[in-house]
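Text of input.txt, listed as compact mmCIF, C-alpha atoms and all ligand atoms:
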```txt
# COMPACT_ATOMS: atom_id res chain seq x y z
CA MET A 1 -20.34 81.87 -62.87
CA THR A 2 -23.34 80.49 -64.76
CA THR A 3 -24.73 77.21 -63.52
CA GLU A 4 -26.76 75.02 -65.84
CA THR A 5 -28.23 73.19 -62.87
CA ALA A 6 -31.99 73.39 -63.02
CA LEU A 7 -33.89 74.10 -59.83
CA THR A 8 -34.99 70.87 -58.15
CA ILE A 9 -38.44 70.32 -56.70
CA ALA A 10 -36.89 70.81 -53.24
CA ASP A 11 -35.31 74.11 -54.36
CA LEU A 12 -38.63 75.32 -55.74
CA HIS A 13 -40.37 74.31 -52.54
CA LEU A 14 -37.85 76.21 -50.40
CA LEU A 15 -38.21 79.30 -52.59
CA ALA A 16 -42.02 79.25 -52.60
CA GLU A 17 -42.21 78.66 -48.87
CA ALA A 18 -39.97 81.67 -48.25
CA GLY A 19 -41.93 83.86 -50.69
CA GLY A 20 -45.21 82.79 -49.11
CA LEU A 21 -44.11 83.91 -45.65
CA ALA A 22 -44.02 87.56 -46.74
CA PRO A 23 -46.33 90.10 -45.12
CA SER A 24 -49.36 91.23 -47.15
CA LEU A 25 -52.35 93.54 -46.72
CA HIS A 26 -54.93 91.64 -44.59
CA ASN A 27 -52.74 88.55 -45.10
CA SER A 28 -54.22 88.32 -48.58
CA GLN A 29 -51.08 86.56 -49.98
CA PRO A 30 -51.80 87.70 -53.55
CA TRP A 31 -48.96 85.84 -55.30
CA ARG A 32 -48.15 82.81 -57.41
CA PHE A 33 -44.73 81.49 -58.33
CA ARG A 34 -43.98 79.66 -61.57
CA PRO A 35 -40.66 78.11 -62.63
CA THR A 36 -39.34 79.36 -65.98
CA SER A 37 -39.43 76.74 -68.75
CA ASP A 38 -35.66 76.05 -68.38
CA ARG A 39 -36.09 75.78 -64.58
CA LEU A 40 -33.25 78.27 -64.10
CA GLY A 41 -35.52 80.99 -62.80
CA LEU A 42 -38.85 81.84 -61.25
CA GLU A 43 -41.71 84.04 -62.37
CA VAL A 44 -43.66 85.98 -59.77
CA HIS A 45 -47.32 86.53 -60.66
CA ALA A 46 -50.08 88.59 -59.09
CA ASP A 47 -53.11 86.57 -58.01
CA LEU A 48 -55.78 89.16 -58.74
CA SER A 49 -58.49 86.96 -57.27
CA ARG A 50 -56.93 87.86 -53.90
CA ALA A 51 -56.96 91.64 -54.37
CA VAL A 52 -58.51 93.59 -51.48
CA GLN A 53 -60.78 95.61 -53.74
CA ALA A 54 -62.30 98.35 -51.58
CA ALA A 55 -59.17 99.10 -49.55
CA ASP A 56 -56.76 98.77 -52.45
CA PRO A 57 -58.56 99.70 -55.69
CA ASP A 58 -55.40 100.63 -57.61
CA LEU A 59 -53.55 97.47 -56.43
CA ARG A 60 -50.81 99.48 -54.74
CA ALA A 61 -50.77 97.39 -51.56
CA LEU A 62 -51.04 94.22 -53.67
CA HIS A 63 -47.81 95.15 -55.45
CA ILE A 64 -46.11 96.09 -52.16
CA SER A 65 -47.04 92.65 -50.82
CA ILE A 66 -45.69 90.96 -53.96
CA GLY A 67 -42.50 93.04 -53.63
CA ALA A 68 -42.07 91.68 -50.10
CA ALA A 69 -42.46 88.11 -51.40
CA LEU A 70 -39.92 88.92 -54.10
CA PHE A 71 -37.38 90.02 -51.50
CA ASN A 72 -37.88 86.77 -49.56
CA LEU A 73 -37.24 84.87 -52.80
CA ARG A 74 -33.95 86.76 -53.25
CA VAL A 75 -32.89 85.81 -49.71
CA ALA A 76 -33.89 82.19 -50.28
CA ALA A 77 -31.95 82.14 -53.56
CA ALA A 78 -28.81 83.14 -51.63
CA ARG A 79 -29.50 80.24 -49.28
CA LEU A 80 -29.47 77.97 -52.37
CA GLY A 81 -26.11 79.46 -53.43
CA ARG A 82 -27.66 81.26 -56.41
CA GLU A 83 -27.56 84.88 -57.41
CA ALA A 84 -30.98 86.38 -58.04
CA ALA A 85 -31.09 88.81 -60.95
CA VAL A 86 -34.49 90.50 -60.76
CA ARG A 87 -36.37 91.91 -63.72
CA LEU A 88 -39.45 93.92 -62.75
CA LEU A 89 -42.24 93.77 -65.31
CA PRO A 90 -44.63 96.17 -63.70
CA SER A 91 -47.40 96.11 -66.25
CA GLY A 92 -47.91 92.41 -65.59
CA GLU A 93 -51.53 91.48 -66.06
CA GLY A 94 -53.30 88.23 -66.75
CA ALA A 95 -50.70 85.67 -67.70
CA GLN A 96 -47.83 88.20 -67.48
CA PRO A 97 -45.55 87.97 -64.45
CA CYS A 98 -44.82 91.06 -62.28
CA ALA A 99 -41.20 90.01 -61.98
CA VAL A 100 -38.82 87.32 -63.17
CA LEU A 101 -35.87 86.07 -61.15
CA ASP A 102 -32.96 84.71 -63.14
CA LEU A 103 -31.30 82.19 -60.82
CA SER A 104 -28.85 80.75 -63.34
CA THR A 105 -25.72 82.28 -61.76
CA GLN A 106 -23.85 80.92 -58.78
CA ALA A 107 -23.80 83.35 -55.85
CA ARG A 108 -20.53 85.16 -55.23
CA THR A 109 -21.52 85.52 -51.58
CA ARG A 110 -24.00 83.74 -49.34
CA GLN A 111 -24.81 87.05 -47.66
CA PRO A 112 -25.65 89.57 -50.37
CA PHE A 113 -27.54 91.68 -47.83
CA GLY A 114 -24.74 91.98 -45.29
CA ALA A 115 -26.23 89.47 -42.87
CA ASP A 116 -27.84 86.07 -43.49
CA LEU A 117 -31.48 87.14 -43.44
CA TYR A 118 -32.88 83.67 -44.22
CA PRO A 119 -33.69 82.71 -40.59
CA ALA A 120 -35.51 86.03 -40.15
CA ILE A 121 -38.02 85.10 -42.88
CA ALA A 122 -39.75 82.64 -40.55
CA GLY A 123 -38.96 84.68 -37.41
CA ARG A 124 -40.61 87.89 -38.69
CA HIS A 125 -44.18 88.57 -37.61
CA SER A 126 -46.34 91.66 -37.29
CA SER A 127 -46.08 92.60 -33.63
CA ARG A 128 -49.21 94.55 -32.71
CA GLN A 129 -48.75 94.34 -28.98
CA PRO A 130 -47.29 97.15 -26.83
CA PHE A 131 -43.58 97.87 -27.18
CA THR A 132 -41.29 99.13 -24.43
CA ASN A 133 -40.04 102.71 -24.45
CA ARG A 134 -36.52 101.59 -25.37
CA ASP A 135 -35.16 103.61 -28.29
CA VAL A 136 -33.87 101.98 -31.45
CA PRO A 137 -30.07 102.58 -31.47
CA GLU A 138 -28.88 105.19 -33.96
CA ALA A 139 -26.45 102.73 -35.59
CA LEU A 140 -29.29 100.29 -36.30
CA ILE A 141 -31.47 103.10 -37.67
CA ALA A 142 -28.62 104.02 -40.02
CA ASP A 143 -28.44 100.38 -41.20
CA LEU A 144 -32.20 100.26 -41.79
CA ILE A 145 -32.07 103.51 -43.78
CA SER A 146 -29.25 102.15 -45.89
CA ALA A 147 -31.15 98.85 -46.45
CA GLY A 148 -34.10 100.87 -47.78
CA ARG A 149 -31.83 103.02 -49.93
CA ASP A 150 -30.24 99.94 -51.50
CA GLU A 151 -33.73 99.05 -52.76
CA GLY A 152 -34.30 102.57 -54.10
CA VAL A 153 -36.68 103.62 -51.33
CA THR A 154 -36.31 106.31 -48.64
CA LEU A 155 -36.85 105.27 -45.04
CA THR A 156 -37.38 108.24 -42.73
CA VAL A 157 -37.54 107.75 -38.97
CA LEU A 158 -39.92 110.44 -37.71
CA GLU A 159 -39.26 113.01 -35.03
CA GLU A 160 -41.87 113.59 -32.32
CA ASP A 161 -43.96 116.13 -34.26
CA GLY A 162 -43.92 113.85 -37.31
CA VAL A 163 -45.10 110.89 -35.18
CA ARG A 164 -47.97 112.94 -33.76
CA ARG A 165 -48.97 114.12 -37.23
CA VAL A 166 -48.96 110.58 -38.64
CA LEU A 167 -50.94 109.20 -35.69
CA ALA A 168 -53.54 111.96 -36.03
CA LEU A 169 -53.90 111.22 -39.77
CA THR A 170 -54.10 107.49 -39.02
CA SER A 171 -56.95 108.10 -36.59
CA GLU A 172 -58.69 110.36 -39.11
CA ALA A 173 -58.40 107.70 -41.80
CA GLU A 174 -59.60 105.03 -39.37
CA ALA A 175 -62.70 107.07 -38.58
CA ALA A 176 -63.45 107.57 -42.30
CA MET A 177 -63.09 103.84 -42.89
CA ALA A 178 -65.37 102.96 -39.97
CA ALA A 179 -68.11 104.94 -41.73
CA ASP A 180 -67.60 103.05 -44.99
CA VAL A 181 -69.86 100.00 -44.85
CA THR A 182 -68.39 98.26 -47.91
CA ARG A 183 -64.88 98.60 -46.59
CA GLU A 184 -65.76 97.44 -43.10
CA ALA A 185 -67.47 94.34 -44.52
CA GLU A 186 -64.46 93.62 -46.71
CA THR A 187 -62.03 93.98 -43.81
CA ARG A 188 -64.11 91.71 -41.64
CA ARG A 189 -64.27 89.12 -44.43
CA TRP A 190 -60.48 89.01 -44.69
CA LEU A 191 -59.99 89.05 -40.94
CA ARG A 192 -62.08 85.96 -40.47
CA LEU A 193 -59.23 84.25 -42.29
CA GLU A 194 -56.66 86.00 -40.10
CA PRO A 195 -57.09 85.15 -36.42
CA SER A 196 -53.79 86.74 -35.35
CA TYR A 197 -55.05 90.18 -36.31
CA ASP A 198 -57.06 90.18 -33.11
CA GLY A 199 -59.30 93.12 -33.99
CA ILE A 200 -57.97 95.29 -31.21
CA PRO A 201 -60.61 98.07 -31.18
CA LEU A 202 -59.47 101.62 -31.65
CA ALA A 203 -61.50 102.78 -28.68
CA ALA A 204 -59.67 100.36 -26.40
CA LEU A 205 -56.43 101.95 -27.45
CA GLY A 206 -57.53 105.51 -26.82
CA SER A 207 -56.36 106.60 -30.23
CA HIS A 208 -58.79 109.50 -30.28
CA ASP A 209 -56.81 111.02 -27.41
CA ARG A 210 -54.61 113.88 -28.37
CA ASP A 211 -51.53 112.14 -27.09
CA ALA A 212 -49.55 109.80 -29.24
CA ARG A 213 -51.10 106.40 -28.75
CA VAL A 214 -50.92 103.72 -31.38
CA PRO A 215 -54.07 103.38 -33.47
CA MET A 216 -54.12 99.74 -34.50
CA ARG A 217 -56.79 98.76 -36.94
CA GLY A 218 -60.14 98.99 -35.20
CA PHE A 219 -62.75 96.53 -36.25
CA ALA A 220 -66.14 97.43 -34.88
CA GLY A 221 -68.26 94.36 -34.33
CA HIS A 222 -65.22 92.08 -34.29
CA PRO A 223 -64.80 91.37 -30.59
CA PRO A 224 -61.17 91.32 -29.47
CA ARG A 225 -59.98 88.04 -28.06
CA HIS A 226 -57.79 89.84 -25.55
CA ALA A 227 -58.19 93.59 -25.69
CA THR A 228 -55.10 95.51 -24.74
CA PRO A 229 -55.46 98.55 -22.51
CA ALA A 230 -54.21 101.74 -24.10
CA GLU A 231 -51.96 102.70 -21.25
CA ARG A 232 -49.72 99.68 -21.85
CA PHE A 233 -48.77 100.94 -25.31
CA GLU A 234 -45.57 102.93 -25.64
CA ALA A 235 -46.12 106.63 -24.93
CA LEU A 236 -44.57 107.80 -28.18
CA PRO A 237 -44.18 105.06 -30.79
CA GLN A 238 -41.18 105.05 -33.08
CA LEU A 239 -42.54 105.40 -36.60
CA ALA A 240 -40.83 105.39 -39.96
CA THR A 241 -42.18 106.11 -43.43
CA LEU A 242 -41.13 104.52 -46.69
CA THR A 243 -41.34 106.93 -49.61
CA THR A 244 -40.62 106.83 -53.33
CA HIS A 245 -40.15 109.58 -55.94
CA LEU A 246 -42.83 108.19 -58.26
CA ASP A 247 -45.97 106.19 -57.67
CA GLY A 248 -46.23 103.43 -60.26
CA GLN A 249 -46.22 99.64 -60.06
CA ALA A 250 -42.41 99.44 -60.17
CA ASP A 251 -42.23 101.85 -57.20
CA TRP A 252 -44.70 99.70 -55.28
CA LEU A 253 -42.73 96.52 -56.04
CA ARG A 254 -39.56 98.32 -54.88
CA THR A 255 -41.30 99.51 -51.73
CA GLY A 256 -42.31 95.94 -50.89
CA GLN A 257 -38.75 94.73 -51.32
CA ALA A 258 -37.44 97.61 -49.19
CA MET A 259 -40.06 97.02 -46.49
CA GLU A 260 -39.18 93.35 -46.24
CA ARG A 261 -35.43 93.97 -46.32
CA VAL A 262 -35.77 96.52 -43.50
CA TRP A 263 -38.15 94.24 -41.55
CA LEU A 264 -35.89 91.18 -41.86
CA LEU A 265 -32.82 93.17 -40.84
CA ALA A 266 -34.77 94.58 -37.89
CA THR A 267 -35.88 91.04 -36.94
CA ASP A 268 -32.28 89.84 -37.15
CA HIS A 269 -31.44 92.51 -34.54
CA GLY A 270 -34.31 91.62 -32.20
CA LEU A 271 -36.38 94.63 -33.26
CA ARG A 272 -40.14 94.22 -33.85
CA ALA A 273 -42.36 95.96 -36.35
CA SER A 274 -45.93 96.39 -37.51
CA VAL A 275 -47.56 98.32 -40.31
CA LEU A 276 -49.93 101.29 -39.89
CA HIS A 277 -51.52 101.51 -43.30
CA GLN A 278 -54.80 103.31 -42.68
CA ALA A 279 -53.66 106.83 -43.59
CA VAL A 280 -52.02 105.59 -46.80
CA GLU A 281 -55.27 103.96 -47.97
CA ILE A 282 -57.22 107.22 -48.23
CA PRO A 283 -55.99 109.67 -50.91
CA ASP A 284 -56.55 112.79 -48.79
CA THR A 285 -54.76 111.56 -45.66
CA ARG A 286 -52.07 109.94 -47.79
CA TRP A 287 -51.37 113.29 -49.45
CA ARG A 288 -51.14 115.00 -46.06
CA LEU A 289 -48.73 112.33 -44.77
CA ARG A 290 -45.97 113.81 -46.93
CA ASP A 291 -43.32 115.73 -45.10
CA THR A 292 -43.06 118.79 -47.31
CA ASP A 293 -39.62 119.62 -45.83
CA GLU A 294 -38.32 116.37 -47.29
CA GLY A 295 -39.27 117.42 -50.83
CA PRO A 296 -41.69 115.70 -53.17
CA GLY A 297 -42.34 112.04 -52.68
CA TYR A 298 -45.09 109.49 -52.20
CA VAL A 299 -45.55 107.88 -48.81
CA GLN A 300 -46.08 104.17 -49.42
CA LEU A 301 -46.06 102.75 -45.91
CA VAL A 302 -45.78 103.60 -42.22
CA LEU A 303 -43.83 101.17 -40.03
CA ARG A 304 -43.91 101.08 -36.24
CA LEU A 305 -40.62 99.86 -34.80
CA GLY A 306 -39.64 98.92 -31.27
CA TYR A 307 -38.82 96.27 -28.73
CA GLY A 308 -41.52 93.97 -27.43
CA PRO A 309 -43.19 90.62 -28.05
CA PRO A 310 -42.30 88.96 -31.36
CA GLY A 311 -45.91 88.60 -32.56
CA VAL A 312 -47.44 85.31 -33.59
CA ALA A 313 -47.22 83.33 -36.80
CA SER A 314 -50.28 83.86 -38.98
CA PRO A 315 -51.67 81.22 -41.35
CA ARG A 316 -50.27 80.80 -44.84
CA ARG A 317 -51.53 79.16 -48.01
CA ARG A 318 -49.95 75.79 -48.74
CA VAL A 319 -46.92 75.76 -51.04
CA GLU A 320 -48.88 73.58 -53.51
CA ASP A 321 -51.44 76.38 -53.78
CA ILE A 322 -48.94 79.12 -54.64
CA LEU A 323 -46.34 77.22 -56.69
CA ASP A 324 -47.29 76.22 -60.21
CA PRO A 325 -45.99 72.80 -61.19
CA SER A 326 -42.94 72.99 -63.44
CA GLU A 327 -43.05 71.68 -66.98
CA GLU A 328 -40.76 68.71 -67.26
C1 LIG B 401 -49.27 96.80 -47.65
C2 LIG B 401 -49.53 96.26 -46.26
C3 LIG B 401 -50.43 96.92 -45.42
C4 LIG B 401 -50.64 96.45 -44.12
N1 LIG B 401 -51.47 97.15 -43.28
C5 LIG B 401 -51.59 96.78 -41.98
C6 LIG B 401 -52.32 97.60 -41.05
O1 LIG B 401 -52.83 98.66 -41.38
N2 LIG B 401 -52.41 97.18 -39.76
C7 LIG B 401 -51.81 96.02 -39.34
O2 LIG B 401 -51.91 95.70 -38.16
N3 LIG B 401 -51.11 95.22 -40.21
C8 LIG B 401 -50.98 95.60 -41.49
N4 LIG B 401 -50.23 94.85 -42.36
C9 LIG B 401 -49.61 93.60 -41.90
C10 LIG B 401 -50.41 92.39 -42.37
O3 LIG B 401 -51.65 92.35 -41.73
C11 LIG B 401 -49.59 91.13 -42.07
O4 LIG B 401 -48.41 91.17 -42.81
C12 LIG B 401 -50.33 89.85 -42.38
O5 LIG B 401 -51.47 89.73 -41.57
C13 LIG B 401 -49.42 88.63 -42.17
O6 LIG B 401 -48.95 88.57 -40.86
P1 LIG B 401 -47.40 88.63 -40.51
O7 LIG B 401 -46.88 89.99 -40.91
O8 LIG B 401 -47.35 88.44 -39.02
O9 LIG B 401 -46.71 87.54 -41.25
C14 LIG B 401 -49.99 95.28 -43.66
C15 LIG B 401 -49.09 94.62 -44.53
C16 LIG B 401 -48.86 95.10 -45.80
C17 LIG B 401 -47.87 94.39 -46.70
```
Would you write out, as structure tokens, the structure that this file holds?
Ligand SMILES: Cc1cc2nc3c(=O)[nH]c(=O)nc-3n(C[C@H](O)[C@H](O)[C@H](O)COP(=O)(O)O)c2cc1C
Amino acid sequence: MTTETALTIADLHLLAEAGGLAPSLHNSQPWRFRPTSDRLGLEVHADLSRAVQAADPDLRALHISIGAALFNLRVAAARLGREAAVRLLPSGEGAQPCAVLDLSTQARTRQPFGADLYPAIAGRHSSRQPFTNRDVPEALIADLISAGRDEGVTLTVLEEDGVRRVLALTSEAEAAMAADVTREAETRRWLRLEPSYDGIPLAALGSHDRDARVPMRGFAGHPPRHATPAERFEALPQLATLTTHLDGQADWLRTGQAMERVWLLATDHGLRASVLHQAVEIPDTRWRLRDTDEGPGYVQLVLRLGYGPPGVASPRRRVEDILDPSEE
């Protein structure tokens, strides 16, 4: 049923707050939200001034981050009792939005994603601390796969040899990045704004070992506030990849929505996650991440899943800084 009720300031605030809590590369938060002129919808814009240029020259991670914000907006719309019809406009540049949400229809259900994922938006954090060795139950894995599929993205939970391959490529990418002065400087610049990242050094985690240890981002010269000994990390992390058939802006926006949908569902079930993005950032290691048995596809993201500490809330831009005032 169509509702002619325009979004109130409080509605817009709730939407923008939810969108702003999405995960993003280096917590760059590269988004802006703008009410449509009839105030029955919301435009989602890229904030290109917040692109992470050396690590993400083609803006792939920027669009994944915006996709994650978009999924949070869809969940928040359900909380407001509105259906969110999404139109992706992937060539959005300058004043063009990346996506427009039509929120003019009353929701048929308050739980369009099976569960009410709204509380998980604020409860989700990157958890970079050690996980236990407890396995993720098969039934939950099946639900996560189906959540990804509903967004048009393939989630593959890796077997042991796949995990070892991805960790080796992650370490290789990490080493290449450490030798890249421009990139290191850029990362350090962003991390100054991101205290929760913690700069756990690769060496402290023993990721150059042959065994499967978790290579978190290593930031040489950025002293860890509380370094975590390698041996406390799970022996064999549970990793999953998100892949798409094509590799354009629409695929990246879809990946972001799938990542966030999977992450919120995981959070709702007490499962923690973090992103291992290093190998995806370098074309050569990204290419070798593909599982050729699975057929052609582009790996967009590697997620580490498991049970452990929830992670800590990281800072966010103020709603006033990401929500454009509506024209009244
Ligand atoms: C595309 C993308 C790449 C990311 N890469 C990494 C990574 O390589 N290592 C990591 O620890 N976190 C990574 N993150 C997680 C962000 O650092 C995190 O979302 C951000 O700092 C906000 O923190 P939060 O997830 O706890 O809200 C990535 C997130 C996105 C969306």
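Around ligand LIG 401 (chain B), using all atoms listed in the file and a cut-off of 6 Å, the residues in contact are Pro23, Ser24, Leu25, His26, Asn27, Ala61, Ile64, Ser65, His125, Ser126, Met216, Arg217, Ser274, Val275, Leu276, His277, Gln278, Ala313 and Ser314 of chain A.
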Taking C-alpha atoms for each residue, export the selection above as a short mmCIF file (atom, residue, chain, number, x, y, z; two decimals), in the frame of the given file.
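Written file, result-v5.cif:
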```cif
data_model
loop_
_atom_site.label_atom_id
_atom_site.label_comp_id
_atom_site.auth_asym_id
_atom_site.auth_seq_id
_atom_site.Cartn_x
_atom_site.Cartn_y
_atom_site.Cartn_z
CA PRO A 23 -46.33 90.10 -45.12
CA SER A 24 -49.36 91.23 -47.15
CA LEU A 25 -52.35 93.54 -46.72
CA HIS A 26 -54.93 91.64 -44.59
CA ASN A 27 -52.74 88.55 -45.10
CA ALA A 61 -50.77 97.39 -51.56
CA ILE A 64 -46.11 96.09 -52.16
CA SER A 65 -47.04 92.65 -50.82
CA HIS A 125 -44.18 88.57 -37.61
CA SER A 126 -46.34 91.66 -37.29
CA MET A 216 -54.12 99.74 -34.50
CA ARG A 217 -56.79 98.76 -36.94
CA SER A 274 -45.93 96.39 -37.51
CA VAL A 275 -47.56 98.32 -40.31
CA LEU A 276 -49.93 101.29 -39.89
CA HIS A 277 -51.52 101.51 -43.30
CA GLN A 278 -54.80 103.31 -42.68
CA ALA A 313 -47.22 83.33 -36.80
CA SER A 314 -50.28 83.86 -38.98
#
```
* **Spatial neighbours of Leu15 of chain A, 7 Å, all atoms listed in the file, chain gap at least 2 places, as a list in words** => Asp11, Leu12, His13, Glu17, Ala18, Gly19, Leu73, Ala76 and Ala77 of chain A
* Point-to-point distance from atom CA of Val44 of chain A to atom CA of Pro283 of chain A, Å rounded to tenths -> 28.1 Å
* Using only C-alpha atoms, can you list as a list in words the residues within 10 Å of (-58.2, 91.4, -54.1)? ->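 Protein and nucleic acid residues near the point are Leu25, Ser28, Gln29, Pro30, Ala46, Asp47, Leu48, Ser49, Arg50, Ala51, Val52, Gln53, Ala54, Ala55, Asp56, Pro57, Leu59, Ala61, Leu62, Glu186 and Trp190 of chain A.
Non-sequential neighbours of Ile121 of chain A (distance at most 10 Å, separation of 2 or more positions within a chain, only C-alpha atoms) are A:Glu17, A:Ala18, A:Gly19, A:Gly20, A:Leu21, A:Ala22, A:Pro23, A:Phe71, A:Asn72, A:Leu73, A:Val75, A:Ala76, A:Leu117, A:Tyr118, A:Pro119, A:Gly123, A:Arg124, A:His125, A:Glu260, A:Arg261, A:Trp263, A:Leu264, A:Leu265, A:Thr267, A:Asp268.
Minimum atom-to-atom distance to Ala235 of chain A, evaluated using only C-alpha atoms, belongs to A:Arg134 out of A:Arg134, A:Arg39, A:His45, A:Arg74.
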* So, counting only C-alpha atoms, which residue among A:Asp324, A:Glu172, A:Asp116, A:Asp251 is closest to Gly297 of chain A? ->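 For Gly297 of chain A, the nearest of the candidates is A:Asp251.
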* To do: Between atom CA of Glu138 of chain A and atom CA of Glu151 of chain A, measure the distance and give it in Å to one decimal.
  =>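 We find that atom CA of Glu138 of chain A and atom CA of Glu151 of chain A lie 20.4 Å from each other.
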* Report the distance between atom CA of Arg149 of chain A and atom CA of Ser127 of chain A in Å, rounded to one decimal place. =>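 Distance between the two atoms: 24.0 Å.
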* **Surrounding residues of Arg108 of chain A excluding itself and chain neighbours under 5 positions, 10 Å, only C-alpha atoms, as number ranges by chain** => A: 1, 78, 81-83
